[in-house]
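Heads up, the thing below is written out as structure tokens.
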Amino acid sequence: MSEAADQIFATLKQSSQSGAPLYLQLRKSIEDAVNRGLIGPGDALPSERDIATKADISRVTVRKAVQDLVKGGILVQRHGSGTFVAPRMERVEQSLSRLTSFTEDMARRGMAVRSAWLDRGLYAPSPDEMMVLGLSSNELVARVSRLRIANDTPLAIERASLSASALPDPAGIGSSLYAALELTGNRPVRAVQRISAANLGDADARLLEVPPGIAGLHIERISYLASGKVIEFTRSIYRGDAYDFVAELRLTGPSEEGRP
Ligand code: GLP
């Protein structure tokens, strides 16, 4: 990227009279260069020292700008090998009206799915789990917690709780929870999903390979069997930079108004 780099940093040199702190000017120049495609995902940035020389500013200023951009997810730093433009996430567009599984959603997009296990087993239920799943304190809850990965990119952390009577062997579900539930006639037919914004904590950010504090989506799904019984209570954290949830809205006709 040496030509592009020269251009970015030379421009900074010319415009550095504008009054804004230098690190902000440098941050903006790099951000603009990424947005305009002058430097692209995976491109290496010159070393701190080279940037400082090219832009005629101090290395401390360069470090401050670069650290800000790493925090914002624009750049990534790899120990020993340098600073790079972060890989661009292909955003996943997810319908909010279909009750599908993660495996099905990704397969429909031709993405290769895998999961890393975070937890699976039978436990004494928490008060939340007892309330949502209708369990008493002497019953057990099955917990299935996974990091969900599509095309080698970690997209979500999903922590599912089910009654142990519906899922007596959480370790045996294979790659899809819904496929396992289908086999025993326990696949949900309806779900209520609540989505809220969340800033990712350190541990979740590390698993999702994003900077801590970055925006994410907290999703809670409560799924029901045809009988009306709750079968699944899942709390998930999705990467905010990877997902667009899409809902179709229709104008309610007069005949439908007031209907639930
Ligand atoms: C989605 C839902 C989860 C559900 C999961 C099942 O991601 N948000 O609530 O547990 O799908 O996916 P799979 O059948 O691939 O394990």
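As shown in the structure tokens, the chain order sets the letters A, B, ...; within each chain, residues go from 1, and ligands are also counted from 1 in the order they appear.
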
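Within 7 Å of region 149-161 of chain A, once only C-alpha atoms are used and residues closer than 5 positions along the same chain are dropped, the contacting residues are Met106, Met111, Ala112, Val113, Arg114, Ser115, Val141, Ala142, Arg143, Val144, Leu208, Glu232, Phe233, Thr234, Arg235, Ser236, Ile237, Tyr238, Arg239 and Ala242 of chain A.
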
Within 6 Å of ligand 1, which residues show up when you count only C-alpha atoms and all ligand atoms? List them as a ChimeraX atom specification, please. /A:101-103,160,176-179,221,234

May I have all residues of region 40-188 of chain A that DSSP, computed from the backbone, assigns to alpha helix (DSSP H), given as a JSON list (two decimals) with all heavy atoms, in the first residue's frame?
```json
[["chain", "number", "residue", "atom", "x", "y", "z"],
["A", 48, "GLU", "N", 4.63, 2.42, 12.83],
["A", 48, "GLU", "CA", 4.40, 3.67, 13.55],
["A", 48, "GLU", "C", 5.47, 4.71, 13.16],
["A", 48, "GLU", "O", 5.15, 5.88, 12.90],
["A", 48, "GLU", "CB", 4.55, 3.35, 15.03],
["A", 48, "GLU", "CG", 3.56, 4.00, 15.93],
["A", 48, "GLU", "CD", 3.74, 3.43, 17.33],
["A", 48, "GLU", "OE1", 4.68, 3.85, 18.03],
["A", 48, "GLU", "OE2", 2.94, 2.56, 17.68],
["A", 49, "ARG", "N", 6.71, 4.23, 13.10],
["A", 49, "ARG", "CA", 7.81, 5.15, 12.81],
["A", 49, "ARG", "C", 7.67, 5.73, 11.39],
["A", 49, "ARG", "O", 7.83, 6.93, 11.18],
["A", 49, "ARG", "CB", 9.15, 4.44, 12.97],
["A", 49, "ARG", "CG", 10.29, 5.44, 12.87],
["A", 49, "ARG", "CD", 11.64, 4.80, 12.87],
["A", 49, "ARG", "NE", 11.72, 3.72, 13.87],
["A", 49, "ARG", "CZ", 12.57, 2.71, 13.76],
["A", 49, "ARG", "NH1", 13.36, 2.62, 12.73],
["A", 49, "ARG", "NH2", 12.61, 1.76, 14.68],
["A", 50, "ASP", "N", 7.33, 4.85, 10.42],
["A", 50, "ASP", "CA", 7.18, 5.32, 9.03],
["A", 50, "ASP", "C", 6.06, 6.35, 8.91],
["A", 50, "ASP", "O", 6.20, 7.36, 8.22],
["A", 50, "ASP", "CB", 6.85, 4.14, 8.11],
["A", 50, "ASP", "CG", 8.10, 3.37, 7.77],
["A", 50, "ASP", "OD1", 9.19, 3.79, 8.22],
["A", 50, "ASP", "OD2", 7.99, 2.34, 7.07],
["A", 51, "ILE", "N", 4.93, 6.06, 9.60],
["A", 51, "ILE", "CA", 3.81, 7.02, 9.51],
["A", 51, "ILE", "C", 4.25, 8.35, 10.10],
["A", 51, "ILE", "O", 4.01, 9.42, 9.52],
["A", 51, "ILE", "CB", 2.56, 6.49, 10.26],
["A", 51, "ILE", "CG1", 2.09, 5.18, 9.65],
["A", 51, "ILE", "CG2", 1.43, 7.53, 10.22],
["A", 51, "ILE", "CD1", 0.86, 4.58, 10.31],
["A", 52, "ALA", "N", 4.93, 8.28, 11.26],
["A", 52, "ALA", "CA", 5.36, 9.51, 11.93],
["A", 52, "ALA", "C", 6.25, 10.32, 10.99],
["A", 52, "ALA", "O", 6.09, 11.55, 10.87],
["A", 52, "ALA", "CB", 6.09, 9.16, 13.22],
["A", 53, "THR", "N", 7.16, 9.65, 10.29],
["A", 53, "THR", "CA", 8.07, 10.37, 9.40],
["A", 53, "THR", "C", 7.30, 10.95, 8.21],
["A", 53, "THR", "O", 7.45, 12.13, 7.87],
["A", 53, "THR", "CB", 9.16, 9.40, 8.84],
["A", 53, "THR", "OG1", 9.64, 8.65, 9.93],
["A", 53, "THR", "CG2", 10.27, 10.13, 8.15],
["A", 54, "LYS", "N", 6.45, 10.10, 7.60],
["A", 54, "LYS", "CA", 5.73, 10.56, 6.40],
["A", 54, "LYS", "C", 4.81, 11.74, 6.72],
["A", 54, "LYS", "O", 4.69, 12.67, 5.93],
["A", 54, "LYS", "CB", 4.88, 9.42, 5.83],
["A", 54, "LYS", "CG", 5.71, 8.37, 5.12],
["A", 54, "LYS", "CD", 4.80, 7.43, 4.34],
["A", 54, "LYS", "CE", 5.59, 6.51, 3.44],
["A", 54, "LYS", "NZ", 5.89, 5.23, 4.07],
["A", 55, "ALA", "N", 4.12, 11.68, 7.87],
["A", 55, "ALA", "CA", 3.16, 12.74, 8.19],
["A", 55, "ALA", "C", 3.80, 13.87, 8.99],
["A", 55, "ALA", "O", 3.14, 14.85, 9.30],
["A", 55, "ALA", "CB", 1.99, 12.13, 8.96],
["A", 59, "ARG", "N", 5.53, 9.97, 17.18],
["A", 59, "ARG", "CA", 5.07, 8.58, 17.24],
["A", 59, "ARG", "C", 3.95, 8.41, 18.27],
["A", 59, "ARG", "O", 3.07, 7.57, 18.11],
["A", 59, "ARG", "CB", 6.24, 7.65, 17.59],
["A", 59, "ARG", "CG", 7.11, 7.41, 16.37],
["A", 59, "ARG", "CD", 8.29, 6.56, 16.71],
["A", 59, "ARG", "NE", 7.93, 5.17, 16.99],
["A", 59, "ARG", "CZ", 8.82, 4.21, 17.15],
["A", 59, "ARG", "NH1", 10.10, 4.47, 17.05],
["A", 59, "ARG", "NH2", 8.43, 2.98, 17.40],
["A", 60, "VAL", "N", 3.99, 9.22, 19.32],
["A", 60, "VAL", "CA", 2.93, 9.16, 20.34],
["A", 60, "VAL", "C", 1.57, 9.49, 19.70],
["A", 60, "VAL", "O", 0.55, 8.85, 19.95],
["A", 60, "VAL", "CB", 3.23, 10.15, 21.50],
["A", 60, "VAL", "CG1", 2.15, 10.12, 22.55],
["A", 60, "VAL", "CG2", 4.59, 9.86, 22.08],
["A", 61, "THR", "N", 1.59, 10.51, 18.83],
["A", 61, "THR", "CA", 0.35, 10.91, 18.14],
["A", 61, "THR", "C", -0.14, 9.78, 17.25],
["A", 61, "THR", "O", -1.33, 9.48, 17.21],
["A", 61, "THR", "CB", 0.64, 12.18, 17.29],
["A", 61, "THR", "OG1", 1.18, 13.16, 18.15],
["A", 61, "THR", "CG2", -0.60, 12.69, 16.61],
["A", 62, "VAL", "N", 0.80, 9.16, 16.54],
["A", 62, "VAL", "CA", 0.42, 8.05, 15.65],
["A", 62, "VAL", "C", -0.20, 6.93, 16.48],
["A", 62, "VAL", "O", -1.27, 6.40, 16.15],
["A", 62, "VAL", "CB", 1.64, 7.52, 14.87],
["A", 62, "VAL", "CG1", 1.25, 6.31, 14.03],
["A", 62, "VAL", "CG2", 2.25, 8.60, 14.00],
["A", 63, "ARG", "N", 0.47, 6.60, 17.61],
["A", 63, "ARG", "CA", -0.02, 5.49, 18.44],
["A", 63, "ARG", "C", -1.44, 5.77, 18.93],
["A", 63, "ARG", "O", -2.30, 4.90, 18.91],
["A", 63, "ARG", "CB", 0.91, 5.29, 19.63],
["A", 63, "ARG", "CG", 0.63, 4.00, 20.38],
["A", 63, "ARG", "CD", 1.78, 3.63, 21.30],
["A", 63, "ARG", "NE", 3.07, 3.78, 20.65],
["A", 63, "ARG", "CZ", 4.17, 4.20, 21.27],
["A", 63, "ARG", "NH1", 4.12, 4.52, 22.55],
["A", 63, "ARG", "NH2", 5.31, 4.30, 20.63],
["A", 64, "LYS", "N", -1.72, 7.00, 19.33],
["A", 64, "LYS", "CA", -3.03, 7.36, 19.86],
["A", 64, "LYS", "C", -4.12, 7.17, 18.78],
["A", 64, "LYS", "O", -5.18, 6.61, 19.05],
["A", 64, "LYS", "CB", -3.00, 8.83, 20.33],
["A", 64, "LYS", "CG", -4.07, 9.19, 21.31],
["A", 64, "LYS", "CD", -3.64, 10.45, 22.05],
["A", 64, "LYS", "CE", -4.58, 11.03, 23.04],
["A", 64, "LYS", "NZ", -5.92, 11.01, 23.03],
["A", 65, "ALA", "N", -3.81, 7.64, 17.57],
["A", 65, "ALA", "CA", -4.78, 7.52, 16.47],
["A", 65, "ALA", "C", -5.03, 6.06, 16.14],
["A", 65, "ALA", "O", -6.17, 5.61, 15.97],
["A", 65, "ALA", "CB", -4.26, 8.27, 15.24],
["A", 66, "VAL", "N", -3.93, 5.28, 16.07],
["A", 66, "VAL", "CA", -4.06, 3.87, 15.70],
["A", 66, "VAL", "C", -4.84, 3.11, 16.77],
["A", 66, "VAL", "O", -5.73, 2.32, 16.47],
["A", 66, "VAL", "CB", -2.66, 3.25, 15.46],
["A", 66, "VAL", "CG1", -2.73, 1.73, 15.38],
["A", 66, "VAL", "CG2", -2.05, 3.82, 14.18],
["A", 67, "GLN", "N", -4.54, 3.42, 18.05],
["A", 67, "GLN", "CA", -5.26, 2.72, 19.13],
["A", 67, "GLN", "C", -6.76, 3.01, 19.08],
["A", 67, "GLN", "O", -7.57, 2.12, 19.28],
["A", 67, "GLN", "CB", -4.69, 3.11, 20.49],
["A", 67, "GLN", "CG", -3.51, 2.20, 20.85],
["A", 67, "GLN", "CD", -2.70, 2.75, 22.01],
["A", 67, "GLN", "OE1", -3.03, 3.78, 22.59],
["A", 67, "GLN", "NE2", -1.62, 2.06, 22.34],
["A", 68, "ASP", "N", -7.11, 4.25, 18.77],
["A", 68, "ASP", "CA", -8.53, 4.62, 18.64],
["A", 68, "ASP", "C", -9.20, 3.80, 17.53],
["A", 68, "ASP", "O", -10.32, 3.33, 17.67],
["A", 68, "ASP", "CB", -8.64, 6.10, 18.23],
["A", 68, "ASP", "CG", -8.90, 6.98, 19.43],
["A", 68, "ASP", "OD1", -8.57, 6.53, 20.54],
["A", 68, "ASP", "OD2", -9.42, 8.09, 19.24],
["A", 69, "LEU", "N", -8.48, 3.65, 16.42],
["A", 69, "LEU", "CA", -9.05, 2.92, 15.27],
["A", 69, "LEU", "C", -9.14, 1.42, 15.56],
["A", 69, "LEU", "O", -10.05, 0.75, 15.07],
["A", 69, "LEU", "CB", -8.22, 3.18, 14.01],
["A", 69, "LEU", "CG", -8.33, 4.62, 13.49],
["A", 69, "LEU", "CD1", -7.23, 4.93, 12.48],
["A", 69, "LEU", "CD2", -9.70, 4.86, 12.85],
["A", 70, "VAL", "N", -8.22, 0.91, 16.37],
["A", 70, "VAL", "CA", -8.29, -0.51, 16.76],
["A", 70, "VAL", "C", -9.51, -0.69, 17.67],
["A", 70, "VAL", "O", -10.30, -1.63, 17.49],
["A", 70, "VAL", "CB", -6.99, -0.95, 17.47],
["A", 70, "VAL", "CG1", -7.15, -2.33, 18.11],
["A", 70, "VAL", "CG2", -5.82, -0.97, 16.48],
["A", 71, "LYS", "N", -9.70, 0.25, 18.61],
["A", 71, "LYS", "CA", -10.86, 0.17, 19.51],
["A", 71, "LYS", "C", -12.16, 0.21, 18.72],
["A", 71, "LYS", "O", -13.12, -0.45, 19.04],
["A", 71, "LYS", "CB", -10.84, 1.34, 20.50],
["A", 71, "LYS", "CG", -10.24, 0.95, 21.82],
["A", 71, "LYS", "CD", -10.56, 2.00, 22.88],
["A", 71, "LYS", "CE", -9.34, 2.24, 23.74],
["A", 71, "LYS", "NZ", -9.05, 3.63, 23.98],
["A", 102, "PHE", "N", -30.02, -21.62, 13.68],
["A", 102, "PHE", "CA", -28.79, -21.01, 13.19],
["A", 102, "PHE", "C", -28.23, -21.83, 12.02],
["A", 102, "PHE", "O", -27.83, -21.28, 10.99],
["A", 102, "PHE", "CB", -27.78, -20.96, 14.35],
["A", 102, "PHE", "CG", -26.53, -20.21, 14.02],
["A", 102, "PHE", "CD1", -26.47, -18.84, 14.19],
["A", 102, "PHE", "CD2", -25.40, -20.88, 13.55],
["A", 102, "PHE", "CE1", -25.30, -18.14, 13.89],
["A", 102, "PHE", "CE2", -24.24, -20.18, 13.26],
["A", 102, "PHE", "CZ", -24.19, -18.82, 13.42],
["A", 103, "THR", "N", -28.24, -23.16, 12.18],
["A", 103, "THR", "CA", -27.70, -24.04, 11.14],
["A", 103, "THR", "C", -28.45, -23.82, 9.82],
["A", 103, "THR", "O", -27.84, -23.70, 8.75],
["A", 103, "THR", "CB", -27.83, -25.51, 11.58],
["A", 103, "THR", "OG1", -27.23, -25.63, 12.87],
["A", 103, "THR", "CG2", -27.17, -26.46, 10.61],
["A", 104, "GLU", "N", -29.78, -23.75, 9.90],
["A", 104, "GLU", "CA", -30.59, -23.55, 8.68],
["A", 104, "GLU", "C", -30.32, -22.17, 8.07],
["A", 104, "GLU", "O", -30.17, -22.03, 6.86],
["A", 104, "GLU", "CB", -32.08, -23.69, 9.01],
["A", 104, "GLU", "CG", -32.48, -25.10, 9.35],
["A", 104, "GLU", "CD", -33.83, -25.18, 10.08],
["A", 104, "GLU", "OE1", -34.31, -24.14, 10.60],
["A", 104, "GLU", "OE2", -34.38, -26.28, 10.14],
["A", 105, "ASP", "N", -30.24, -21.15, 8.94],
["A", 105, "ASP", "CA", -30.02, -19.78, 8.44],
["A", 105, "ASP", "C", -28.72, -19.69, 7.65],
["A", 105, "ASP", "O", -28.66, -19.08, 6.58],
["A", 105, "ASP", "CB", -29.94, -18.78, 9.60],
["A", 105, "ASP", "CG", -31.27, -18.60, 10.29],
["A", 105, "ASP", "OD1", -32.29, -18.88, 9.67],
["A", 105, "ASP", "OD2", -31.27, -18.20, 11.47],
["A", 106, "MET", "N", -27.68, -20.29, 8.19],
["A", 106, "MET", "CA", -26.37, -20.18, 7.54],
["A", 106, "MET", "C", -26.30, -21.07, 6.31],
["A", 106, "MET", "O", -25.73, -20.69, 5.29],
["A", 106, "MET", "CB", -25.24, -20.54, 8.51],
["A", 106, "MET", "CG", -25.17, -19.62, 9.70],
["A", 106, "MET", "SD", -25.04, -17.87, 9.19],
["A", 106, "MET", "CE", -26.21, -17.11, 10.28],
["A", 107, "ALA", "N", -26.92, -22.26, 6.39],
["A", 107, "ALA", "CA", -26.90, -23.18, 5.24],
["A", 107, "ALA", "C", -27.61, -22.52, 4.05],
["A", 107, "ALA", "O", -27.15, -22.63, 2.90],
["A", 107, "ALA", "CB", -27.57, -24.49, 5.60],
["A", 108, "ARG", "N", -28.69, -21.79, 4.33],
["A", 108, "ARG", "CA", -29.43, -21.11, 3.24],
["A", 108, "ARG", "C", -28.53, -20.09, 2.53],
["A", 108, "ARG", "O", -28.70, -19.80, 1.36],
["A", 108, "ARG", "CB", -30.66, -20.41, 3.82],
["A", 108, "ARG", "CG", -31.84, -20.53, 2.93],
["A", 108, "ARG", "CD", -33.08, -19.78, 3.35],
["A", 108, "ARG", "NE", -32.86, -18.66, 4.22],
["A", 108, "ARG", "CZ", -33.20, -18.65, 5.51],
["A", 108, "ARG", "NH1", -33.77, -19.70, 6.05],
["A", 108, "ARG", "NH2", -32.99, -17.58, 6.24],
["A", 127, "PRO", "N", -33.28, -19.22, 39.10],
["A", 127, "PRO", "CA", -34.66, -18.71, 39.25],
["A", 127, "PRO", "C", -35.28, -18.31, 37.90],
["A", 127, "PRO", "O", -36.44, -18.62, 37.62],
["A", 127, "PRO", "CB", -34.49, -17.49, 40.17],
["A", 127, "PRO", "CG", -33.23, -17.77, 40.93],
["A", 127, "PRO", "CD", -32.34, -18.55, 40.02],
["A", 128, "ASP", "N", -34.48, -17.67, 37.01],
["A", 128, "ASP", "CA", -34.98, -17.28, 35.68],
["A", 128, "ASP", "C", -35.43, -18.50, 34.89],
["A", 128, "ASP", "O", -36.48, -18.52, 34.25],
["A", 128, "ASP", "CB", -33.85, -16.63, 34.86],
["A", 128, "ASP", "CG", -33.72, -15.17, 35.15],
["A", 128, "ASP", "OD1", -34.47, -14.68, 36.00],
["A", 128, "ASP", "OD2", -32.85, -14.53, 34.51],
["A", 129, "GLU", "N", -34.57, -19.52, 34.91],
["A", 129, "GLU", "CA", -34.89, -20.74, 34.14],
["A", 129, "GLU", "C", -36.13, -21.43, 34.70],
["A", 129, "GLU", "O", -36.97, -21.93, 33.95],
["A", 129, "GLU", "CB", -33.68, -21.69, 34.17],
["A", 129, "GLU", "CG", -32.52, -21.20, 33.32],
["A", 129, "GLU", "CD", -31.22, -21.96, 33.56],
["A", 129, "GLU", "OE1", -30.99, -22.45, 34.68],
["A", 129, "GLU", "OE2", -30.41, -22.05, 32.61],
["A", 130, "MET", "N", -36.25, -21.44, 36.03],
["A", 130, "MET", "CA", -37.42, -22.08, 36.65],
["A", 130, "MET", "C", -38.69, -21.37, 36.21],
["A", 130, "MET", "O", -39.69, -21.99, 35.87],
["A", 130, "MET", "CB", -37.30, -22.02, 38.19],
["A", 130, "MET", "CG", -36.36, -23.08, 38.73],
["A", 130, "MET", "SD", -35.93, -22.81, 40.46],
["A", 130, "MET", "CE", -37.49, -22.92, 41.26],
["A", 131, "MET", "N", -38.60, -20.02, 36.21],
["A", 131, "MET", "CA", -39.79, -19.25, 35.89],
["A", 131, "MET", "C", -40.18, -19.43, 34.42],
["A", 131, "MET", "O", -41.31, -19.74, 34.09],
["A", 131, "MET", "CB", -39.51, -17.78, 36.18],
["A", 131, "MET", "CG", -40.76, -16.97, 36.41],
["A", 131, "MET", "SD", -40.28, -15.36, 36.99],
["A", 131, "MET", "CE", -39.51, -14.70, 35.53],
["A", 132, "VAL", "N", -39.20, -19.28, 33.51],
["A", 132, "VAL", "CA", -39.54, -19.31, 32.08],
["A", 132, "VAL", "C", -39.89, -20.73, 31.63],
["A", 132, "VAL", "O", -40.84, -20.93, 30.86],
["A", 132, "VAL", "CB", -38.36, -18.76, 31.24],
["A", 132, "VAL", "CG1", -38.65, -18.90, 29.76],
["A", 132, "VAL", "CG2", -38.10, -17.31, 31.59],
["A", 133, "LEU", "N", -39.14, -21.72, 32.11],
["A", 133, "LEU", "CA", -39.37, -23.09, 31.63],
["A", 133, "LEU", "C", -40.41, -23.83, 32.48],
["A", 133, "LEU", "O", -40.76, -24.97, 32.18],
["A", 133, "LEU", "CB", -38.06, -23.88, 31.63],
["A", 133, "LEU", "CG", -36.97, -23.39, 30.66],
["A", 133, "LEU", "CD1", -35.63, -24.04, 30.99],
["A", 133, "LEU", "CD2", -37.35, -23.67, 29.21],
["A", 177, "LEU", "N", -29.17, -28.01, 17.57],
["A", 177, "LEU", "CA", -30.13, -28.24, 18.66],
["A", 177, "LEU", "C", -31.51, -28.53, 18.10],
["A", 177, "LEU", "O", -32.20, -29.45, 18.54],
["A", 177, "LEU", "CB", -30.15, -27.00, 19.56],
["A", 177, "LEU", "CG", -31.20, -26.98, 20.67],
["A", 177, "LEU", "CD1", -30.97, -28.10, 21.68],
["A", 177, "LEU", "CD2", -31.20, -25.63, 21.39],
["A", 178, "TYR", "N", -31.94, -27.72, 17.10],
["A", 178, "TYR", "CA", -33.29, -27.90, 16.58],
["A", 178, "TYR", "C", -33.45, -29.25, 15.87],
["A", 178, "TYR", "O", -34.50, -29.87, 15.93],
["A", 178, "TYR", "CB", -33.66, -26.75, 15.64],
["A", 178, "TYR", "CG", -34.12, -25.50, 16.36],
["A", 178, "TYR", "CD1", -33.93, -25.35, 17.74],
["A", 178, "TYR", "CD2", -34.77, -24.46, 15.69],
["A", 178, "TYR", "CE1", -34.34, -24.21, 18.41],
["A", 178, "TYR", "CE2", -35.19, -23.31, 16.35],
["A", 178, "TYR", "CZ", -34.98, -23.19, 17.72],
["A", 178, "TYR", "OH", -35.40, -22.05, 18.38],
["A", 179, "ALA", "N", -32.38, -29.72, 15.21],
["A", 179, "ALA", "CA", -32.45, -31.04, 14.55],
["A", 179, "ALA", "C", -32.61, -32.12, 15.62],
["A", 179, "ALA", "O", -33.40, -33.06, 15.44],
["A", 179, "ALA", "CB", -31.19, -31.27, 13.71],
["A", 180, "ALA", "N", -31.90, -31.97, 16.74],
["A", 180, "ALA", "CA", -32.02, -32.95, 17.83],
["A", 180, "ALA", "C", -33.43, -32.91, 18.42],
["A", 180, "ALA", "O", -34.03, -33.95, 18.70],
["A", 180, "ALA", "CB", -30.98, -32.68, 18.90],
["A", 181, "LEU", "N", -33.98, -31.71, 18.58],
["A", 181, "LEU", "CA", -35.32, -31.60, 19.16],
["A", 181, "LEU", "C", -36.37, -32.17, 18.20],
["A", 181, "LEU", "O", -37.36, -32.76, 18.61],
["A", 181, "LEU", "CB", -35.64, -30.13, 19.48],
["A", 181, "LEU", "CG", -34.81, -29.50, 20.60],
["A", 181, "LEU", "CD1", -35.15, -28.01, 20.75],
["A", 181, "LEU", "CD2", -35.06, -30.22, 21.94],
["A", 182, "GLU", "N", -36.12, -31.97, 16.91],
["A", 182, "GLU", "CA", -37.04, -32.49, 15.89],
["A", 182, "GLU", "C", -37.17, -34.02, 16.02],
["A", 182, "GLU", "O", -38.27, -34.57, 15.92],
["A", 182, "GLU", "CB", -36.48, -32.13, 14.50],
["A", 182, "GLU", "CG", -37.33, -32.61, 13.34],
["A", 182, "GLU", "CD", -37.73, -31.45, 12.44],
["A", 182, "GLU", "OE1", -36.86, -30.62, 12.13],
["A", 182, "GLU", "OE2", -38.92, -31.41, 12.08],
["A", 183, "LEU", "N", -36.06, -34.69, 16.28],
["A", 183, "LEU", "CA", -36.05, -36.16, 16.37],
["A", 183, "LEU", "C", -36.95, -36.67, 17.50],
["A", 183, "LEU", "O", -37.46, -37.78, 17.42],
["A", 183, "LEU", "CB", -34.62, -36.66, 16.62],
["A", 183, "LEU", "CG", -33.64, -36.54, 15.44],
["A", 183, "LEU", "CD1", -32.25, -37.00, 15.86],
["A", 183, "LEU", "CD2", -34.14, -37.37, 14.25]]
```

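Computed from the coordinates, the CA of Ala86 (chain A) to CA of Gly216 (chain A) distance equals 17.3 Å.
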
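Of the residues under consideration (A:Pro211, A:Gly121, A:Pro168, A:Pro188), A:Pro188 shows the shortest atom-to-atom contact distance to Tyr224 (chain A) when counting only C-alpha atoms.
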
So how many Å separate CA of Ile57 (chain A) and CA of Gly72 (chain A), to one decimal? 22.0 Å

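With only C-alpha atoms as the atoms that count, the residue of A:Asp204, A:Asp169, A:Glu31, A:Glu90 with the shortest distance to Arg146 (chain A) is A:Asp204.
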
Of the listed residues A:Val92, A:Ala44, A:Leu99, A:Ile222, that which approaches Leu75 (chain A) most closely, counting only C-alpha atoms: A:Ala44

Quick one: DSSP strand (DSSP E) residues in region 25-230 of chain A, as a PyMOL selection string? chain A and resi 75-78+82-85+92-95+113-123+141-150+153-163+190-199+215-224+230

Print the selection's residues with C-alpha atoms to a file, as a short mmCIF file (atom, residue, chain, number, x, y, z; two decimals), in the first residue's frame.
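What follows is the written file part30.cif:
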```
data_model
loop_
_atom_site.label_atom_id
_atom_site.label_comp_id
_atom_site.auth_asym_id
_atom_site.auth_seq_id
_atom_site.Cartn_x
_atom_site.Cartn_y
_atom_site.Cartn_z
CA LEU A 75 -7.87 -1.64 12.30
CA VAL A 76 -6.60 -4.83 13.91
CA GLN A 77 -3.24 -5.37 15.53
CA ARG A 78 -1.48 -8.71 15.41
CA GLY A 82 1.84 -5.21 12.68
CA THR A 83 -1.35 -3.26 12.10
CA PHE A 84 -3.86 -4.10 9.37
CA VAL A 85 -7.17 -2.84 8.01
CA VAL A 92 -26.10 -11.41 7.55
CA GLU A 93 -29.67 -10.35 6.88
CA GLN A 94 -31.98 -12.25 9.15
CA SER A 95 -35.75 -12.33 8.84
CA VAL A 113 -21.34 -23.60 10.12
CA ARG A 114 -19.56 -24.92 13.14
CA SER A 115 -19.80 -24.39 16.86
CA ALA A 116 -17.34 -24.34 19.71
CA TRP A 117 -18.77 -25.73 22.94
CA LEU A 118 -18.72 -23.39 25.92
CA ASP A 119 -20.87 -25.54 28.18
CA ARG A 120 -23.26 -28.49 28.02
CA GLY A 121 -24.74 -30.43 30.88
CA LEU A 122 -27.54 -30.83 33.39
CA TYR A 123 -27.73 -28.34 36.25
CA VAL A 141 -32.22 -27.89 33.40
CA ALA A 142 -30.21 -28.83 30.30
CA ARG A 143 -27.79 -26.09 29.24
CA VAL A 144 -26.24 -25.87 25.80
CA SER A 145 -23.83 -22.94 25.33
CA ARG A 146 -22.00 -22.50 22.07
CA LEU A 147 -19.96 -20.05 20.09
CA ARG A 148 -21.58 -20.11 16.65
CA ILE A 149 -19.17 -19.74 13.77
CA ALA A 150 -19.98 -19.22 10.08
CA THR A 153 -16.09 -15.96 11.63
CA PRO A 154 -17.56 -16.15 15.14
CA LEU A 155 -21.03 -14.56 14.85
CA ALA A 156 -22.82 -15.28 18.10
CA ILE A 157 -22.67 -16.75 21.56
CA GLU A 158 -25.83 -18.72 22.30
CA ARG A 159 -26.75 -20.01 25.73
CA ALA A 160 -29.82 -22.24 25.55
CA SER A 161 -31.70 -23.70 28.50
CA LEU A 162 -34.29 -26.47 28.17
CA SER A 163 -35.96 -28.73 30.65
CA ARG A 190 -43.54 -20.58 17.75
CA ALA A 191 -41.15 -18.20 19.51
CA VAL A 192 -41.06 -14.76 21.01
CA GLN A 193 -37.80 -12.94 20.50
CA ARG A 194 -36.62 -9.85 22.32
CA ILE A 195 -33.71 -7.89 20.86
CA SER A 196 -31.82 -5.17 22.69
CA ALA A 197 -28.55 -3.31 22.27
CA ALA A 198 -25.60 -4.35 24.39
CA ASN A 199 -21.97 -3.33 24.63
CA ALA A 215 -21.91 -2.70 20.01
CA GLY A 216 -23.66 -6.04 20.00
CA LEU A 217 -27.19 -7.38 20.06
CA HIS A 218 -28.62 -9.20 23.01
CA ILE A 219 -31.32 -11.61 21.88
CA GLU A 220 -33.60 -13.60 24.08
CA ARG A 221 -35.75 -16.29 22.48
CA ILE A 222 -38.52 -18.15 24.27
CA SER A 223 -39.85 -20.95 22.07
CA TYR A 224 -43.02 -22.95 22.41
CA VAL A 230 -42.16 -23.50 26.65
#
```

So the first atom is CA of Pro125 (chain A) and the second is CA of Leu140 (chain A); what is the distance between them in Å, to one decimal place? 6.0 Å
